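Colleague: First the structure, then my questions, so here it is.
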Amino acid sequence: MALPASWQDLWHQLIRRAPRSRDADPAAWNVGAAATRAFARSVWGIFVPAVLPIAGYGTYSLLQTTAAVMSQVGILGTPQTLLRQPGRRLPIAGLFVHDVLIACLLLPLLLLRGGVADRWYDVLVVGMAVTLIGYGSVVARAKAASAFAAVFAAEAVGGLALLAALGGLLLAGHGGRVRDTSYVTVATLEVIVTVVVVVALVVPRKTRITREELRFAGTRTVLPSVYSVGFLVLLDLVIFRRLEMYFLQASPDGLQGVAVFGLGAQLAGLLLLFPTAILEAWMPGLATSFASAWPAFDGHFATNRRAYRRAFALVVAASIIGPPVLVRMLFARYMPWVWYIGAFTAIRVVCGYAGLYSSALYVTRGERWLYLPGLLGAVVGIVFNWLFTIPWGIRGAVVAFALTQGTVAIGTLVAFRAAIPSMRREAGSGVTGLA
């Protein structure tokens with residue numbers, strides 16, 4: 001059955017042409033890589049809660065979140081620095097060691113473990129954090145070199161490896177050992193798959209790290225750029241990196257509450273992967289328009305916004321309909337908390353619409369306008385999680401999560417409108433947020 005004309009137009013606006021060759025549109029390769037990663041992670045995220053017991057999934061979610069926080073703090077603005085300086089041979093080795101050392105400052109987070117006494121927990125958190133730092137750096141480096149096709153190929157290899165690992169878990173469960181599946185096994189497989197993607201990016205000749213990049217000299221000169229985005233990264237960690245988990249593990253619901261919130265956040269993250277990939281693919285074009293003149297940027301952004309709203313409406317609908325269906329079909333053990341899972345998912349997705357405006361601010365070097373919404377969101381998140389989540393558990397976490405996400409979303413929309421006069425003055429200067 002043919003699609004209506006309006007939806008055909010939407011599809012052509014989102015993906016200009018399919019990546020049929022290595023000379024195809026880089027944006028199409030980028031969306032293809034994100035779609036490949038999203039598919040593999042979606043399948044993984046759907047079935048992992050089914051093979052782990054509730055307490056095991058709670059531990060896995062806490063481990064995954066702690067590793068993500070450590071890696072994000074460590075890497076700070078390294079990916080943006082690499083993207084803004086294509087063609088330069090930056091000291092990748094020096095930046096990687098710097099990022100790992102910064103991540104080590106968060107080792108005390110290992111103490112927030114919800115009573116987990118397993119010695120493998122610490123090893124896996126550190127291993128996952130280090131591999132995520134390496135992944136973030138090599139992917140950004142490849143994109144800076146316009147090797148989008150190589151990123152797509154690496155993500156495809158990683159996706160196949162992840163699905164193969166999941167197949168092994170399901171086969172083991174089919175053999176009657178599903179109750180013996182440990183979070184250690186699941187987390188180890190995830191670390192191995194990340195290493196596979198990194199290797200797939202550094203082995204090919206086009207994306208191989210050169211001897212010039214395997215140096216420490218010159219690292220200090222690029223650190224100001226790394227730290228310039230670091231403040232927003234830290235705020236992002238507080239607001240979006242599952243802050244509620246640390247309050248939930250101290251609440252009456254404990255790891256059970258962590259598992260429920262983790263599943264809702266996981267579903268929301270998977271649903272937002274495609275909109276995020278669309279925005280990232282649009283950024284180079286917006287940067288070019290902004291460097292040209294304000295009318296060009298304004299018209300380009302308006303066109304993107306119309307297409308994005310249509311696509312995002314489908315994502316919002318999926319965030320409302322999907323969780324109850326998935327929980328009933330795949331996660332029957334979570335049925336007592338199905339509405340909490342749906343609430344966490346829908347709140348995060350709906351508020352994620354503000355990403356359209358924050359990406360435009362980043363392109364125009366207006367990220368400082370996001371500092372105030374970020375600070376307000378961090379304060380609201382900490383205060384209301386303290387007031388509601390710790391005494392009330394999951395019920396309080398829903399309230400705190402809605403207030404936090406809503407504060408940031410509304411603040412971002414207000415910040416964008418406030419930044420329009422300055423963007424109007426700076427448009428056409430030839431200076432943009434992307435190198």
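In the structure tokens, chains take the letters A, B, ... in the order shown, each chain's residues start at 1, and ligands count up from 1 in the order shown.
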Pick out the residues sitting within 12 Å of A:Gly366, and hand them over as number ranges by chain; count only C-alpha atoms, and ignore anything fewer than 3 positions along from it in its own chain.
Modeller: A: 229, 232, 357-363, 369-371, 412, 415-424, 426-427, 431-434
Colleague: Would you export the selected residues with N, CA, C and O atoms as a CSV table (one decimal), in the first residue's frame, please?
Modeller:
chain,number,residue,atom,x,y,z
A,229,VAL,N,33.1,22.2,26.7
A,229,VAL,CA,31.8,21.5,26.6
A,229,VAL,C,31.5,20.7,27.9
A,229,VAL,O,30.4,20.2,28.1
A,232,LEU,N,28.5,21.3,30.3
A,232,LEU,CA,27.2,20.8,29.9
A,232,LEU,C,27.1,19.3,30.0
A,232,LEU,O,26.1,18.7,30.3
A,357,TYR,N,16.0,21.8,19.6
A,357,TYR,CA,16.4,23.2,19.9
A,357,TYR,C,17.8,23.3,20.5
A,357,TYR,O,18.6,24.2,20.1
A,358,SER,N,18.1,22.3,21.3
A,358,SER,CA,19.5,22.3,21.9
A,358,SER,C,20.5,22.0,20.8
A,358,SER,O,21.6,22.5,20.8
A,359,SER,N,20.2,21.1,19.9
A,359,SER,CA,21.1,20.8,18.8
A,359,SER,C,21.4,22.1,17.9
A,359,SER,O,22.5,22.3,17.5
A,360,ALA,N,20.3,22.9,17.7
A,360,ALA,CA,20.5,24.1,16.9
A,360,ALA,C,21.4,25.1,17.7
A,360,ALA,O,22.2,25.8,17.1
A,361,LEU,N,21.2,25.1,19.0
A,361,LEU,CA,22.1,26.0,19.8
A,361,LEU,C,23.5,25.6,19.7
A,361,LEU,O,24.4,26.4,19.7
A,362,TYR,N,23.8,24.3,19.8
A,362,TYR,CA,25.1,23.8,19.7
A,362,TYR,C,25.8,24.2,18.3
A,362,TYR,O,26.9,24.6,18.3
A,363,VAL,N,25.0,24.0,17.2
A,363,VAL,CA,25.5,24.3,15.9
A,363,VAL,C,25.9,25.8,15.8
A,363,VAL,O,26.9,26.1,15.2
A,369,TRP,N,23.7,29.1,26.3
A,369,TRP,CA,22.3,29.4,26.7
A,369,TRP,C,21.7,28.2,27.4
A,369,TRP,O,20.6,28.3,28.0
A,370,LEU,N,22.3,27.0,27.3
A,370,LEU,CA,21.8,25.8,27.9
A,370,LEU,C,22.2,25.7,29.3
A,370,LEU,O,21.8,24.7,30.0
A,371,TYR,N,23.2,26.5,29.8
A,371,TYR,CA,23.7,26.3,31.1
A,371,TYR,C,22.6,26.5,32.2
A,371,TYR,O,22.5,25.7,33.1
A,412,THR,N,14.9,24.8,27.9
A,412,THR,CA,15.6,24.8,26.6
A,412,THR,C,14.8,25.5,25.5
A,412,THR,O,15.4,26.3,24.8
A,415,ALA,N,15.3,29.2,26.3
A,415,ALA,CA,16.6,29.6,26.0
A,415,ALA,C,16.8,29.8,24.5
A,415,ALA,O,17.5,30.7,24.1
A,416,PHE,N,16.2,28.9,23.7
A,416,PHE,CA,16.3,29.1,22.3
A,416,PHE,C,15.7,30.4,21.8
A,416,PHE,O,16.3,31.1,21.0
A,417,ARG,N,14.5,30.7,22.3
A,417,ARG,CA,13.9,31.9,21.9
A,417,ARG,C,14.7,33.1,22.4
A,417,ARG,O,14.8,34.1,21.6
A,418,ALA,N,15.3,33.0,23.6
A,418,ALA,CA,16.1,34.1,24.1
A,418,ALA,C,17.3,34.3,23.2
A,418,ALA,O,17.9,35.4,23.1
A,419,ALA,N,17.8,33.2,22.6
A,419,ALA,CA,19.1,33.3,21.9
A,419,ALA,C,18.9,33.8,20.5
A,419,ALA,O,19.9,34.1,19.8
A,420,ILE,N,17.7,33.9,20.0
A,420,ILE,CA,17.5,34.2,18.6
A,420,ILE,C,18.1,35.6,18.2
A,420,ILE,O,18.7,35.7,17.1
A,421,PRO,N,17.9,36.6,19.0
A,421,PRO,CA,18.6,37.9,18.6
A,421,PRO,C,20.1,37.8,18.4
A,421,PRO,O,20.6,38.4,17.5
A,422,SER,N,20.8,37.1,19.3
A,422,SER,CA,22.2,37.0,19.2
A,422,SER,C,22.6,36.1,18.0
A,422,SER,O,23.5,36.4,17.3
A,423,MET,N,21.8,35.0,17.7
A,423,MET,CA,22.0,34.2,16.6
A,423,MET,C,21.8,35.0,15.3
A,423,MET,O,22.6,34.8,14.3
A,424,ARG,N,20.8,35.9,15.3
A,424,ARG,CA,20.5,36.7,14.1
A,424,ARG,C,21.7,37.6,13.8
A,424,ARG,O,22.0,37.8,12.6
A,426,GLU,N,24.9,37.1,14.7
A,426,GLU,CA,26.1,36.3,14.4
A,426,GLU,C,26.0,35.5,13.1
A,426,GLU,O,27.0,35.1,12.5
A,427,ALA,N,24.8,35.3,12.6
A,427,ALA,CA,24.6,34.5,11.3
A,427,ALA,C,25.4,35.1,10.2
A,427,ALA,O,25.3,36.4,10.0
A,431,VAL,N,31.4,31.7,11.3
A,431,VAL,CA,31.8,30.9,12.4
A,431,VAL,C,30.6,30.1,12.9
A,431,VAL,O,29.6,30.6,13.2
A,432,THR,N,30.8,28.8,13.0
A,432,THR,CA,29.7,27.9,13.4
A,432,THR,C,30.2,27.0,14.5
A,432,THR,O,31.4,26.9,14.8
A,433,GLY,N,29.3,26.2,15.0
A,433,GLY,CA,29.6,25.3,16.1
A,433,GLY,C,30.3,24.0,15.6
A,433,GLY,O,30.7,23.2,16.4
A,434,LEU,N,30.3,23.8,14.3
A,434,LEU,CA,31.0,22.6,13.7
A,434,LEU,C,32.1,23.1,12.9
A,434,LEU,O,32.0,24.1,12.1
Colleague: Run DSSP on the backbone and tell me which residues of stretch 115-243 of chain A come out as alpha helix (DSSP H); list them as a PyMOL selection string.
Modeller: chain A and resi 120-144+148-172+183-202+219-228+230-240
Colleague: I'd like the contact shell of A:Val139 - 10 Å cut-off, only C-alpha atoms, skipping same-chain residues fewer than 2 positions apart - returned as JSON, numbers by chain.
Modeller: {"A": [79, 82, 83, 134, 135, 136, 137, 141, 142, 143, 144, 145, 147, 148, 150, 151, 154, 155, 197, 198, 201, 202, 207]}
Colleague: With C-alpha atoms retained, could you export that selection as a PDB file, in the first residue's frame?
Modeller:
ATOM      1  CA  PRO A  79      34.311  13.956  20.761  1.00  0.00           C
ATOM      2  CA  LEU A  82      37.693  15.951  17.370  1.00  0.00           C
ATOM      3  CA  LEU A  83      34.639  16.829  15.267  1.00  0.00           C
ATOM      4  CA  GLY A 134      37.663   4.385  23.711  1.00  0.00           C
ATOM      5  CA  TYR A 135      34.489   3.917  21.677  1.00  0.00           C
ATOM      6  CA  GLY A 136      33.465   7.571  21.955  1.00  0.00           C
ATOM      7  CA  SER A 137      36.908   8.776  20.885  1.00  0.00           C
ATOM      8  CA  ARG A 141      37.705  10.615  15.144  1.00  0.00           C
ATOM      9  CA  ALA A 142      36.294   8.580  12.243  1.00  0.00           C
ATOM     10  CA  LYS A 143      33.433  11.033  11.710  1.00  0.00           C
ATOM     11  CA  ALA A 144      35.876  13.956  11.757  1.00  0.00           C
ATOM     12  CA  ALA A 145      37.727  12.200   8.922  1.00  0.00           C
ATOM     13  CA  ALA A 147      34.685   8.046   7.372  1.00  0.00           C
ATOM     14  CA  PHE A 148      30.951   7.642   7.952  1.00  0.00           C
ATOM     15  CA  ALA A 150      33.507   2.941   8.133  1.00  0.00           C
ATOM     16  CA  VAL A 151      31.423   3.848  11.193  1.00  0.00           C
ATOM     17  CA  ALA A 154      31.865  -1.068  12.449  1.00  0.00           C
ATOM     18  CA  GLU A 155      28.391  -0.653  13.949  1.00  0.00           C
ATOM     19  CA  VAL A 197      33.420  -2.083  17.433  1.00  0.00           C
ATOM     20  CA  VAL A 198      36.567  -0.211  18.486  1.00  0.00           C
ATOM     21  CA  LEU A 201      37.283   1.106  13.488  1.00  0.00           C
ATOM     22  CA  VAL A 202      41.032   1.173  14.148  1.00  0.00           C
ATOM     23  CA  THR A 207      40.502   4.876   9.996  1.00  0.00           C
TER      24      THR A 207
END
Colleague: Any idea what's packed within 12 Å of stretch 299-316 of chain A, counting only C-alpha atoms, ignoring anything in its chain fewer than 6 positions away? Could you give it as a VMD selection string?
Modeller: chain A and resid 6 to 15 267 to 290 292 to 293 322 to 323 342 to 343 345 to 357 359 to 361 363 to 364
Colleague: What separation in Å, quoted to one decimal, exists between atom CA of A:Leu76 and atom CA of A:Tyr227?
Modeller: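 Interatomic distance here is 6.6 Å.
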Colleague: By how many Å are atom CA of A:Leu248 and atom CA of A:Tyr334 apart?
Modeller: 16.6 Å
Colleague: Find the distance between atom CA of A:Val195 and atom CA of A:Val116 and write it in Å to one decimal.
Modeller: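 We find that atom CA of A:Val195 and atom CA of A:Val116 lie 25.8 Å from each other.
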Colleague: Neighbouring residues of A:Ile75 were defined as those with any atom within 8 Å, considering only C-alpha atoms; residues of the same chain fewer than 4 positions away were excluded. Please report them as a ChimeraX atom specification.
Modeller: /A:71,79,96,99-100,102-103,133,136-137
Colleague: If you count only C-alpha atoms, which residues fall within 8 Å of A:Ser61, apart from same-chain ones fewer than 3 positions away, as a PyMOL selection string?
Modeller: chain A and resi 57-58+64-65+258-259+262
Colleague: Those same residues, written as a compact mmCIF listing (two decimals), in the first residue's frame with N, CA, C and O atoms?
Modeller:
# COMPACT_ATOMS: atom_id res chain seq x y z
N TYR A 57 18.80 -7.81 37.16
CA TYR A 57 18.66 -6.71 36.21
C TYR A 57 18.85 -5.36 36.91
O TYR A 57 19.40 -4.42 36.32
N GLY A 58 18.43 -5.28 38.16
CA GLY A 58 18.68 -4.06 38.91
C GLY A 58 20.16 -3.80 39.09
O GLY A 58 20.65 -2.67 38.91
N GLN A 64 25.63 -0.52 34.65
CA GLN A 64 25.64 0.15 33.35
C GLN A 64 25.59 1.67 33.51
O GLN A 64 26.31 2.40 32.82
N THR A 65 24.77 2.13 34.44
CA THR A 65 24.65 3.57 34.67
C THR A 65 25.93 4.13 35.25
O THR A 65 26.40 5.20 34.83
N VAL A 258 15.21 0.14 41.23
CA VAL A 258 16.23 0.43 40.22
C VAL A 258 15.92 -0.33 38.93
O VAL A 258 16.04 0.22 37.83
N ALA A 259 15.52 -1.59 39.06
CA ALA A 259 15.21 -2.40 37.87
C ALA A 259 14.02 -1.83 37.11
O ALA A 259 14.03 -1.76 35.87
N GLY A 262 15.13 1.35 35.53
CA GLY A 262 16.09 1.03 34.47
C GLY A 262 15.42 0.54 33.21
O GLY A 262 15.82 0.91 32.10
Colleague: Identify, on the basis of only C-alpha atoms, every residue whose closest approach to A:Ile341 does not exceed 8 Å; exclude the query and any residue fewer than 6 positions from it along the same chain; express the result as a compact mmCIF listing (two decimals) with all heavy atoms, in the first residue's frame.
Modeller:
# COMPACT_ATOMS: atom_id res chain seq x y z
N VAL A 260 12.98 -1.41 37.83
CA VAL A 260 11.79 -0.86 37.18
C VAL A 260 12.14 0.44 36.44
O VAL A 260 11.79 0.62 35.27
CB VAL A 260 10.68 -0.60 38.22
CG1 VAL A 260 9.52 0.18 37.60
CG2 VAL A 260 10.18 -1.93 38.78
N PHE A 261 12.84 1.34 37.13
CA PHE A 261 13.24 2.59 36.47
C PHE A 261 14.20 2.31 35.32
O PHE A 261 14.12 2.95 34.26
CB PHE A 261 13.90 3.53 37.48
CG PHE A 261 14.40 4.80 36.87
CD1 PHE A 261 13.53 5.84 36.57
CD2 PHE A 261 15.74 4.97 36.55
CE1 PHE A 261 13.98 7.02 35.99
CE2 PHE A 261 16.20 6.14 35.97
CZ PHE A 261 15.32 7.16 35.69
N LEU A 263 14.37 -0.26 33.35
CA LEU A 263 13.66 -0.75 32.17
C LEU A 263 12.94 0.39 31.45
O LEU A 263 12.99 0.50 30.23
CB LEU A 263 12.66 -1.84 32.57
CG LEU A 263 11.88 -2.49 31.43
CD1 LEU A 263 12.81 -3.06 30.38
CD2 LEU A 263 10.95 -3.58 31.97
N GLY A 264 12.30 1.29 32.21
CA GLY A 264 11.64 2.44 31.59
C GLY A 264 12.63 3.35 30.89
O GLY A 264 12.38 3.80 29.76
N PRO A 323 5.40 0.39 25.80
CA PRO A 323 5.77 -0.25 27.08
C PRO A 323 4.75 -1.25 27.62
O PRO A 323 5.14 -2.37 27.99
CB PRO A 323 5.96 0.96 28.01
CG PRO A 323 6.40 2.06 27.11
CD PRO A 323 5.62 1.85 25.84
Colleague: Pick the closest to A:Val222 from A:Val325, A:Val125, A:Val203, A:Leu90: which is it, counting only C-alpha atoms?
Modeller: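 Nearest candidate to A:Val222 out of A:Val325, A:Val125, A:Val203, A:Leu90: A:Leu90.
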